[in-house]
>>> print(open('run_20.cif').read())   # mmCIF, C-alpha atoms
data_entry
loop_
_atom_site.label_atom_id
_atom_site.label_comp_id
_atom_site.auth_asym_id
_atom_site.auth_seq_id
_atom_site.Cartn_x
_atom_site.Cartn_y
_atom_site.Cartn_z
CA MET A 1 -0.03 -13.16 -2.43
CA SER A 2 3.24 -13.25 -0.57
CA SER A 3 6.52 -11.97 -1.95
CA GLY A 4 10.04 -11.78 -0.56
CA ALA A 5 11.66 -8.42 -1.20
CA GLN A 6 15.35 -8.52 -2.04
CA ALA A 7 17.71 -5.78 -0.88
CA GLY A 8 19.84 -3.76 -3.30
CA GLY A 9 19.73 -0.92 -5.80
CA ALA A 10 19.30 2.83 -5.36
CA ASP A 11 16.29 4.52 -3.86
CA ARG A 12 14.02 6.64 -5.99
CA SER A 13 11.76 9.33 -4.61
CA ALA A 14 8.62 9.45 -6.78
CA ALA A 15 6.32 7.16 -8.72
CA THR A 16 6.45 6.97 -12.51
CA GLY A 17 4.26 5.44 -15.17
CA GLY A 18 0.88 6.09 -16.81
CA THR A 19 -2.20 5.49 -14.70
CA ALA A 20 -5.97 5.52 -14.83
CA THR A 21 -8.77 4.41 -12.55
CA SER A 22 -10.86 1.24 -12.79
CA SER A 23 -13.94 -0.11 -11.04
CA SER A 24 -12.77 -3.73 -11.31
CA VAL A 25 -11.03 -5.58 -8.48
CA PRO A 26 -7.34 -5.93 -9.40
CA ASP A 27 -5.41 -9.19 -9.12
CA LYS A 28 -3.04 -9.17 -6.13
CA ASN A 29 -0.32 -10.72 -8.32
CA VAL A 30 0.12 -7.46 -10.26
CA LEU A 31 2.31 -6.20 -7.41
CA THR A 32 5.96 -7.14 -6.83
CA PHE A 33 8.35 -5.74 -4.26
CA THR A 34 12.01 -4.92 -3.70
CA TYR A 35 13.36 -3.84 -0.31
CA HIS A 36 16.28 -1.39 -0.34
CA ARG A 37 18.11 -1.53 3.00
CA HIS A 38 20.75 1.07 2.14
CA SER A 39 20.14 3.57 -0.65
CA GLY A 40 23.36 5.59 -0.67
CA ASP A 41 24.27 9.09 0.43
CA ASP A 42 21.46 11.68 0.31
CA TYR A 43 18.83 8.98 -0.28
CA ILE A 44 16.36 7.42 2.15
CA ASP A 45 17.17 4.00 3.64
CA GLN A 46 14.65 1.24 4.37
CA THR A 47 12.46 1.82 1.32
CA LEU A 48 10.07 -0.62 -0.31
CA GLU A 49 9.83 -0.37 -4.09
CA ILE A 50 6.35 -1.40 -5.26
CA LYS A 51 5.96 -2.36 -8.92
CA ASN A 52 2.44 -2.40 -10.35
CA ALA A 53 1.79 -4.28 -13.60
CA GLU A 54 -1.89 -3.27 -13.57
CA THR A 55 -2.63 -0.46 -16.03
CA HIS A 56 -4.70 1.34 -13.39
CA SER A 57 -3.77 2.93 -10.09
CA VAL A 58 -4.29 0.62 -7.11
CA VAL A 59 -4.43 0.86 -3.31
CA PRO A 60 -2.68 -1.97 -1.42
CA ASP A 61 -3.01 -3.10 2.16
CA LEU A 62 0.26 -4.91 2.88
CA GLU A 63 1.50 -7.06 5.74
CA PHE A 64 5.20 -7.42 6.58
CA THR A 65 7.53 -9.90 8.24
CA ALA A 66 11.00 -8.63 9.10
CA LEU A 67 13.86 -10.98 8.11
CA ASP A 68 17.48 -11.18 9.26
CA ARG A 69 20.55 -11.55 7.02
CA ASN A 70 19.81 -15.31 6.73
CA HIS A 71 16.18 -14.63 5.78
CA HIS A 72 14.91 -15.92 9.11
CA PRO A 73 11.90 -14.10 10.61
CA LEU A 74 12.45 -11.62 13.44
CA PRO A 75 9.25 -12.10 15.46
CA GLY A 76 10.03 -9.27 17.89
CA VAL A 77 10.26 -6.63 15.16
CA ARG A 78 7.20 -4.59 14.26
CA VAL A 79 7.11 -3.18 10.71
CA ARG A 80 5.20 0.02 9.96
CA THR A 81 5.09 2.28 6.92
CA VAL A 82 5.32 6.04 6.44
CA TYR A 83 3.06 6.43 3.39
CA GLY A 84 0.45 3.90 4.44
CA SER A 85 0.83 0.91 2.11
CA ASP A 86 -0.06 -1.15 5.19
CA SER A 87 -3.33 0.71 5.80
CA GLY A 88 -4.86 1.46 2.38
CA ARG A 89 -3.55 5.04 2.28
CA LEU A 90 -0.94 4.91 -0.52
CA VAL A 91 -2.08 5.04 -4.15
CA VAL A 92 0.28 3.15 -6.48
CA PRO A 93 0.26 4.01 -10.21
CA TYR A 94 0.93 1.72 -13.12
CA GLY A 95 4.71 1.41 -13.11
CA TRP A 96 6.11 1.84 -9.62
CA SER A 97 5.94 3.70 -6.34
CA LEU A 98 7.65 3.38 -2.97
CA ASP A 99 7.03 3.46 0.74
CA ILE A 100 9.39 3.96 3.69
CA LEU A 101 9.54 1.26 6.36
CA ARG A 102 10.01 1.74 10.12
CA PHE A 103 11.19 -1.04 12.43
CA SER A 104 10.76 -1.25 16.19
CA GLY A 105 11.30 -3.88 18.87
CA PRO A 106 14.07 -6.38 19.71
CA GLY A 107 16.21 -6.95 16.61
CA GLU A 108 15.18 -3.76 14.79
CA HIS A 109 18.78 -3.15 13.69
CA GLU A 110 19.13 -6.72 12.39
CA VAL A 111 16.57 -6.38 9.57
CA TYR A 112 18.09 -7.12 6.16
CA ASP A 113 14.95 -7.90 4.17
CA VAL A 114 11.17 -8.13 4.50
CA ARG A 115 8.53 -10.60 3.40
CA VAL A 116 5.52 -8.81 1.92
CA THR A 117 1.98 -10.18 1.78
CA VAL A 118 -0.81 -8.41 -0.10
CA ALA A 119 -3.71 -8.67 2.34
CA HIS A 120 -6.04 -6.60 0.16
CA LEU A 121 -5.84 -4.72 -3.12
CA ALA A 122 -8.41 -2.26 -4.45
CA ALA A 123 -8.78 -0.01 -7.45
CA ALA A 124 -7.92 3.62 -6.65
CA LYS A 125 -10.60 6.29 -6.65
CA ALA A 126 -8.36 8.68 -8.59
CA ARG A 127 -5.26 8.56 -10.75
CA ALA A 128 -1.80 8.77 -9.24
CA ASN A 129 0.91 11.02 -10.63
CA ILE A 130 2.95 10.12 -13.70
CA ASN A 131 5.65 12.70 -12.93
CA PRO A 132 7.21 13.56 -9.57
CA VAL A 133 5.33 16.01 -7.35
CA THR A 134 7.38 18.66 -5.56
CA ALA A 135 6.88 19.84 -1.98
CA GLU A 136 8.41 23.23 -1.10
CA PRO A 137 8.51 24.74 2.41
CA LEU A 138 7.42 28.39 2.59
CA ASP A 139 7.87 31.07 5.24
CA ALA A 140 5.07 33.34 6.46
CA ALA A 141 5.64 35.66 3.48
CA GLY A 142 5.30 32.83 0.98
CA HIS A 143 9.00 32.60 0.12
CA VAL A 144 10.69 29.23 -0.42
CA VAL A 145 12.97 28.38 2.50
CA SER A 146 15.18 25.48 3.56
CA LYS A 147 13.50 22.31 4.80
CA PHE A 148 15.79 22.58 7.84
CA SER A 149 14.30 25.93 8.87
CA ARG A 150 11.03 26.76 10.61
CA PHE A 151 8.41 27.08 7.86
CA SER A 152 4.73 28.05 7.87
CA SER A 153 3.32 26.13 4.92
CA VAL A 154 4.15 23.68 2.16
CA ARG A 155 3.43 24.23 -1.53
CA VAL A 156 2.80 21.07 -3.54
CA GLN A 157 2.98 21.28 -7.34
CA ASN A 158 1.35 18.83 -9.74
CA PRO A 159 3.14 18.62 -13.12
CA ASP A 160 0.57 16.32 -14.71
CA ALA A 161 -2.42 17.15 -16.92
CA PHE A 162 -4.99 15.73 -14.49
CA PRO A 163 -5.87 16.49 -10.86
CA VAL A 164 -4.40 14.35 -8.08
CA SER A 165 -4.94 13.78 -4.37
CA LEU A 166 -1.91 13.99 -2.07
CA ARG A 167 -0.83 13.87 1.54
CA VAL A 168 2.24 15.63 2.94
CA SER A 169 4.49 14.35 5.75
CA TYR A 170 7.29 15.99 7.73
CA LEU A 171 9.90 13.30 8.39
CA VAL A 172 12.75 13.25 10.90
CA TYR A 173 15.57 10.69 10.73
CA ASP A 174 17.95 9.29 13.33
CA GLN A 175 21.73 9.43 13.25
CA PRO A 176 22.63 5.72 13.00
CA ALA A 177 25.80 4.01 14.14
CA ALA A 178 28.23 2.95 11.43
CA GLY A 179 26.77 0.08 9.42
CA ASP A 180 23.18 0.61 10.61
CA THR A 181 20.44 1.95 8.38
CA GLN A 182 19.04 5.42 8.90
CA GLN A 183 15.48 5.23 10.13
CA THR A 184 12.52 7.59 10.30
CA ILE A 185 11.94 8.41 13.97
CA SER A 186 9.14 10.95 13.52
CA ASP A 187 6.43 11.09 10.84
CA THR A 188 3.99 13.98 11.19
CA PRO A 189 1.19 14.67 8.69
CA VAL A 190 1.00 18.25 7.39
CA GLY A 191 -2.68 18.97 6.86
CA GLY A 192 -4.97 16.29 5.44
CA LEU A 193 -5.84 14.98 1.98
CA VAL A 194 -5.08 17.70 -0.57
CA ARG A 195 -6.62 17.94 -4.03
CA VAL A 196 -4.18 19.53 -6.49
CA PRO A 197 -5.44 20.68 -9.93
CA ALA A 198 -3.87 19.69 -13.23
CA HIS A 199 -0.63 21.60 -13.83
CA GLY A 200 -1.41 23.45 -10.61
CA SER A 201 -0.40 23.82 -7.01
CA ALA A 202 -1.88 23.93 -3.53
CA VAL A 203 -0.57 25.42 -0.29
CA VAL A 204 -0.94 23.41 2.92
CA LYS A 205 -0.70 25.29 6.22
CA VAL A 206 1.57 23.94 8.96
CA THR A 207 -0.58 23.80 12.09
CA GLY A 208 -1.10 21.70 15.22
CA ALA A 209 1.18 18.69 15.59
CA ALA A 210 3.04 19.58 12.38
CA ALA A 211 3.88 23.07 13.68
CA ARG A 212 5.13 21.59 16.95
CA ALA A 213 7.28 19.05 15.09
CA VAL A 214 8.81 21.75 12.87
CA ALA A 215 9.54 23.91 15.92
CA LYS A 216 11.18 20.96 17.68
CA TYR A 217 13.29 19.57 14.84
CA SER A 218 14.10 22.64 12.71
CA ASN A 219 17.84 23.23 12.29
CA GLY A 220 18.35 19.51 12.97
CA PRO A 221 20.63 17.28 10.90
CA ALA A 222 18.16 15.09 9.00
CA VAL A 223 14.62 16.03 7.96
CA SER A 224 12.57 15.89 4.77
CA ILE A 225 9.16 16.93 3.46
CA LYS A 226 7.46 14.32 1.32
CA ALA A 227 4.26 14.39 -0.74
CA TYR A 228 2.68 11.13 -1.87
CA ASN A 229 -0.44 10.02 -3.73
CA SER A 230 -3.25 9.02 -1.42
CA GLN A 231 -7.00 8.88 -0.97
#
>>> encode(input="run_20.cif", output="structure tokens")
Amino acid sequence: MSSGAQAGGADRSAATGGTATSSSVPDKNVLTFTYHRHSGDDYIDQTLEIKNAETHSVVPDLEFTALDRNHHPLPGVRVRTVYGSDSGRLVVPYGWSLDILRFSGPGEHEVYDVRVTVAHLAAAKARANINPVTAEPLDAAGHVVSKFSRFSSVRVQNPDAFPVSLRVSYLVYDQPAAGDTQQTISDTPVGGLVRVPAHGSAVVKVTGAAARAVAKYSNGPAVSIKAYNSQ
């Protein structure tokens, strides 16, 4: 299945909708896409909204073609994702989810839309969240601190009545020229796959590459900590 994603609308930051798991192979046509080039102040640019009409959670493996303002392909632009919808890492619930796109190569600032092809679609091993999951940075004493500060761990909280599996990323954004989109320039995993109990929380330690990224970019102008459903 191939689908053009049209730009426009505001970004949203978490998936919504009821989900369950299934052992059947889902139809690729259950997914539709909308690309949001600009999402407004305090929201993330270059997001892909993924709508899932299947009543179960699914795991896509997507392929992308960058398009210019006239919907012509930009062959020099490589498209990658932050949450892994292009590598079978993102779990999409019934309803909708999103991923963040990164562009590189000649013409990367000329991308106005993307063409999305579903290369593979599988049933998820576990349900994805109905309600938004929160990710809070903590200092060494376990106190909540600013995402702009140096933090030692991240607490993820699951508001739903079933356990979920999550990954956490520390994202750093560029400072674009007027008219350009803001892009993720650094995407560092914090820990690995985390199982969070129903109505519960888990604390993920910031170590290794994540600790080095936090030390480098703390007190910078544009960072975020994002948790997303994965497997």
>>> residues_near_point(input="run_20.cif", point="(-10.8, 6.1, -4.7)", cutoff="10 Å", atoms="only C-alpha atoms", output="PyMOL selection string")
chain A and resi 21-23+57-59+91+122-127+165+230-231
>>> atom_distance(input="run_20.cif", atom1="atom CA of A:Ile50", atom2="atom CA of A:Pro93")
9.5 Å
>>> residues_near_point(input="run_20.cif", point="(12.2, 22.2, 2.9)", cutoff="8 Å", atoms="all atoms listed in the file", output="JSON, numbers by chain")
{"A": [135, 136, 137, 138, 144, 145, 146, 147, 148, 149, 151, 224, 225]}
>>> write_last_selection(input="run_20.cif", atoms="C-alpha atoms", output="tab-separated table (two decimals), in the frame of the given file")
chain	number	residue	atom	x	y	z
A	135	ALA	CA	6.88	19.84	-1.98
A	136	GLU	CA	8.41	23.23	-1.10
A	137	PRO	CA	8.51	24.74	2.41
A	138	LEU	CA	7.42	28.39	2.59
A	144	VAL	CA	10.69	29.23	-0.42
A	145	VAL	CA	12.97	28.38	2.50
A	146	SER	CA	15.18	25.48	3.56
A	147	LYS	CA	13.50	22.31	4.80
A	148	PHE	CA	15.79	22.58	7.84
A	149	SER	CA	14.30	25.93	8.87
A	151	PHE	CA	8.41	27.08	7.86
A	224	SER	CA	12.57	15.89	4.77
A	225	ILE	CA	9.16	16.93	3.46
>>> resolve_selection(input="run_20.cif", expression="the PyMOL selection byres ((chain A and resi 78-82) around 9)", output="ChimeraX atom specification")
/A:63-66,74-77,83-87,99-106,108,114,169,171,184,187
>>> atom_distance(input="run_20.cif", atom1="atom CA of A:Arg69", atom2="atom CA of A:Gln46")
14.3 Å
>>> atom_distance(input="run_20.cif", atom1="atom CA of A:Asp42", atom2="atom CA of A:Val190")
22.6 Å
>>> closest_residue(input="run_20.cif", among="A:His143, A:Pro176, A:Tyr228, A:His109", to="A:Asn158", atoms="all atoms listed in the file")
A:Tyr228
>>> closest_residue(input="run_20.cif", among="A:Gln183, A:Ser39, A:Thr117, A:Asn129", to="A:Val196", atoms="all atoms listed in the file")
A:Asn129
>>> resolve_selection(input="run_20.cif", expression="the PyMOL selection byres ((chain A and resi 181) around 7)", output="list in words")
Arg37, His38, Asp45, Pro176, Gly179, Asp180, Gln182 and Gln183 of chain A
>>> resolve_selection(input="run_20.cif", expression="the PyMOL selection byres ((chain A and resi 48) around 6)", output="JSON list (two decimals) with C-alpha atoms, in the frame of the given file")
[["chain", "number", "residue", "atom", "x", "y", "z"],
["A", 34, "THR", "CA", 12.01, -4.92, -3.70],
["A", 35, "TYR", "CA", 13.36, -3.84, -0.31],
["A", 47, "THR", "CA", 12.46, 1.82, 1.32],
["A", 49, "GLU", "CA", 9.83, -0.37, -4.09],
["A", 98, "LEU", "CA", 7.65, 3.38, -2.97],
["A", 99, "ASP", "CA", 7.03, 3.46, 0.74]]
>>> axis_aligned_box(input="run_20.cif", around="stretch 120-123 of chain A", padding_each_side="8 Å", output="lines of an AutoDock Vina configuration file")
center_x = -7.3
center_y = -3.3
center_z = -3.6
size_x = 18.9
size_y = 22.6
size_z = 23.6
>>> closest_residue(input="run_20.cif", among="A:Thr207, A:Tyr43, A:Leu193, A:Ser153", to="A:Ala141", atoms="only C-alpha atoms")
A:Ser153
>>> residues_around(input="run_20.cif", residues="A:Ala202", least_positions_apart="3", cutoff="10 Å", atoms="all atoms listed in the file", output="list of chain:residue names")
A:Ala135, A:Val154, A:Arg155, A:Val156, A:Gln157, A:Asn158, A:Val194, A:Arg195, A:Val196, A:Pro197, A:Lys205
>>> closest_residue(input="run_20.cif", among="A:Thr188, A:Thr134, A:Asn29, A:Ser97", to="A:Ala119", atoms="all atoms listed in the file")
A:Asn29
>>> closest_residue(input="run_20.cif", among="A:Leu67, A:Val164, A:Ala178, A:Val204", to="A:Asn229", atoms="all atoms listed in the file")
A:Val164
>>> closest_residue(input="run_20.cif", among="A:Ala198, A:Val118, A:Val203, A:Val111", to="A:Lys28", atoms="only C-alpha atoms")
A:Val118
